[in-house]
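*Asks:* Quick one: this structure, given as structure tokens, is what I'll be asking you about.
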Amino acid sequence: MAYGATIIDADGLRLTADEKALFREADPFGFILFARNIDTPDQVRALCAEMREAVGREAIITIDQEGGRVQRMRAPHWREWMPPLDLVTQAGQDAPRALYLMYRIIAEELRSLGIDSNCAPMVDVAGDTTHKFLRNRCYSNDPVRVAELGRAAAEGLLAGGVLPVMKHMPGHGRATMDSHFDLPTVCASPEELQAVDFAPFKALNDLPMGMTAHLVYDALDDAPATLSPRMMQLIREEIGFDNLIMTDDISMKALAGTATQNATASINAGCDVVLYCNASLEDRRAVTQAAGRMSPKAQIRADRALAMRRAPDDVDIPALEREFKTLLGGAVHG
């Protein structure tokens, strides 16, 4: 049977009996963790084990561990990282190696807990008007440089046995609003979008998973990309990304419909999996029912992504940390 076409979360540090029952019933493709799910290493390991036990398989467990503002795991148990844009600026010509090392070390931390995916790299191209919620999470304002740095970050994760989720497809950098609260509209020509915003995603179209952007490209469609068959077709055919596409969180305020409406619309648009977070148990149940099971094509993409999970390479993490610190001139944390 196909997996449930959802990635969902849990309320706390351990699963409740009701959550275990829902997860068994819905059999989501995977799970996502937030800061509220993170306390100690042993607790996170136990939570990951409970999630996988509920579905009876080695389901993907992902997290947002970009560095800077967006990192769910923090001191004292885990390393703190500077924002990616600050790291790239400080490392200069060594930025690709520095990003590789950062994400390879992050992968080591994640895998030690049972987390085998990370919602990174973020290859949105920064611009003069990029909203502050996104700005220092970007790598560069040059799409070629963004692609180079995104490749380095993804390779660091893959080498550590962690599947990267490239975001936000097909490009969030022109957004002047925070899509957690508002629906941004991008006013740029198709030619500009192809040359800048879409270019890093096309260069990295072999990565196993991608996440959509909740914003409107008014030159192409009047619906948010997540809900737009036109934009999903563009991602598949023009960008050439034929691996697993998950939505950004459909509970974000950028999307106007109900959660179940947005789940159905995103699947109908061509997304493979619906990400739904920060909701009641009953709302999570409703969304898993609305999203249903993966289509045959989505299941193939899911299996292809899972097949890219591999055992971490054998490296000396303290040696990588020393190299990373040297590249950053001794300043590692933000």
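Here's how to read the names in the structure tokens: chain A, B, ... by the order shown, residue numbers from 1 in each chain, ligand numbers from 1 in the order shown.
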Check the DSSP output for the backbone and give back, as a VMD selection string, the residues of region 32-200 of chain A in helix (DSSP H, G or I).

*Replies:* chain A and resid 35 to 37 41 to 55 84 to 111 132 to 135 143 to 159 190 to 197 199 to 200

*Asks:* Which residues are close to Ala279 (chain A), i.e. within 9 Å by only C-alpha atoms, leaving aside same-chain residues fewer than 3 positions away? Reply as a PyMOL selection string.

*Replies:* chain A and resi 9+11+251+276+282-284

*Asks:* Would you list the contacts of Lys167 (chain A) as a list in words, taking every protein, DNA or RNA residue within 7 Å and counting only C-alpha atoms, but skipping same-chain residues closer than 2 positions in sequence?

*Replies:* Ala120, Pro121, Met122, Val123, Val165, Met169, Gly210, Met211 and Thr212 of chain A

*Asks:* Take the residues from that selection and put them in a file with N, CA and C atoms, as a PDB file, in the first residue's frame.

*Replies:*
ATOM      1  N   ALA A 120      16.879  21.787   4.181  1.00  0.00           N
ATOM      2  CA  ALA A 120      17.977  22.599   3.662  1.00  0.00           C
ATOM      3  C   ALA A 120      18.574  21.794   2.506  1.00  0.00           C
ATOM      4  N   PRO A 121      19.235  22.440   1.555  1.00  0.00           N
ATOM      5  CA  PRO A 121      19.604  23.848   1.478  1.00  0.00           C
ATOM      6  C   PRO A 121      18.458  24.745   1.043  1.00  0.00           C
ATOM      7  N   MET A 122      18.533  26.005   1.454  1.00  0.00           N
ATOM      8  CA  MET A 122      17.595  27.015   1.009  1.00  0.00           C
ATOM      9  C   MET A 122      18.269  27.800  -0.099  1.00  0.00           C
ATOM     10  N   VAL A 123      17.848  27.583  -1.333  1.00  0.00           N
ATOM     11  CA  VAL A 123      18.547  28.191  -2.472  1.00  0.00           C
ATOM     12  C   VAL A 123      17.746  29.311  -3.123  1.00  0.00           C
ATOM     13  N   VAL A 165      16.291  18.620   1.812  1.00  0.00           N
ATOM     14  CA  VAL A 165      15.048  19.104   1.201  1.00  0.00           C
ATOM     15  C   VAL A 165      15.335  20.506   0.684  1.00  0.00           C
ATOM     16  N   MET A 169      10.780  26.061  -3.662  1.00  0.00           N
ATOM     17  CA  MET A 169      10.625  25.963  -5.107  1.00  0.00           C
ATOM     18  C   MET A 169       9.380  26.709  -5.576  1.00  0.00           C
ATOM     19  N   GLY A 210      12.212  18.387  -2.618  1.00  0.00           N
ATOM     20  CA  GLY A 210      12.086  19.835  -2.676  1.00  0.00           C
ATOM     21  C   GLY A 210      10.826  20.280  -1.973  1.00  0.00           C
ATOM     22  N   MET A 211      10.828  21.536  -1.513  1.00  0.00           N
ATOM     23  CA  MET A 211       9.683  22.129  -0.816  1.00  0.00           C
ATOM     24  C   MET A 211       9.187  23.332  -1.603  1.00  0.00           C
ATOM     25  N   THR A 212       7.879  23.483  -1.673  1.00  0.00           N
ATOM     26  CA  THR A 212       7.283  24.557  -2.463  1.00  0.00           C
ATOM     27  C   THR A 212       7.332  25.899  -1.744  1.00  0.00           C
TER      28      THR A 212
END

*Asks:* Contacts of region 148-150 of chain A at 9 Å or less, counting only C-alpha atoms, minus same-chain residues fewer than 2 places along, as a PyMOL selection string?

*Replies:* chain A and resi 88+95-97+99-100+120-123+139-140+143-146+152-155+166+200+203-204

*Asks:* Taking only C-alpha atoms into account, name the residue in A:Phe181, A:Leu227, A:Thr288, A:Ala98 that is nearest to Gly30 (chain A).

*Replies:* A:Thr288

*Asks:* Could you state the separation of CA of Thr130 (chain A) and CA of Ile7 (chain A) in Å, given to one decimal place?

*Replies:*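 Those two atoms sit 28.0 Å apart.
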
*Asks:* Smallest atom-to-atom distance to Ala59 (chain A): which of A:Asp303, A:Glu192, A:Glu108, A:Asp94, using only C-alpha atoms?

*Replies:* A:Asp303

*Asks:* Would you please give, as a PyMOL selection string, all residues of region 57-306 of chain A that DSSP assigns to strand (DSSP E or B) based on the backbone?

*Replies:* chain A and resi 60-63+65-67+70-71+117-118+122+163-169+185-186+209-212+216-217+244-246+273-276+293
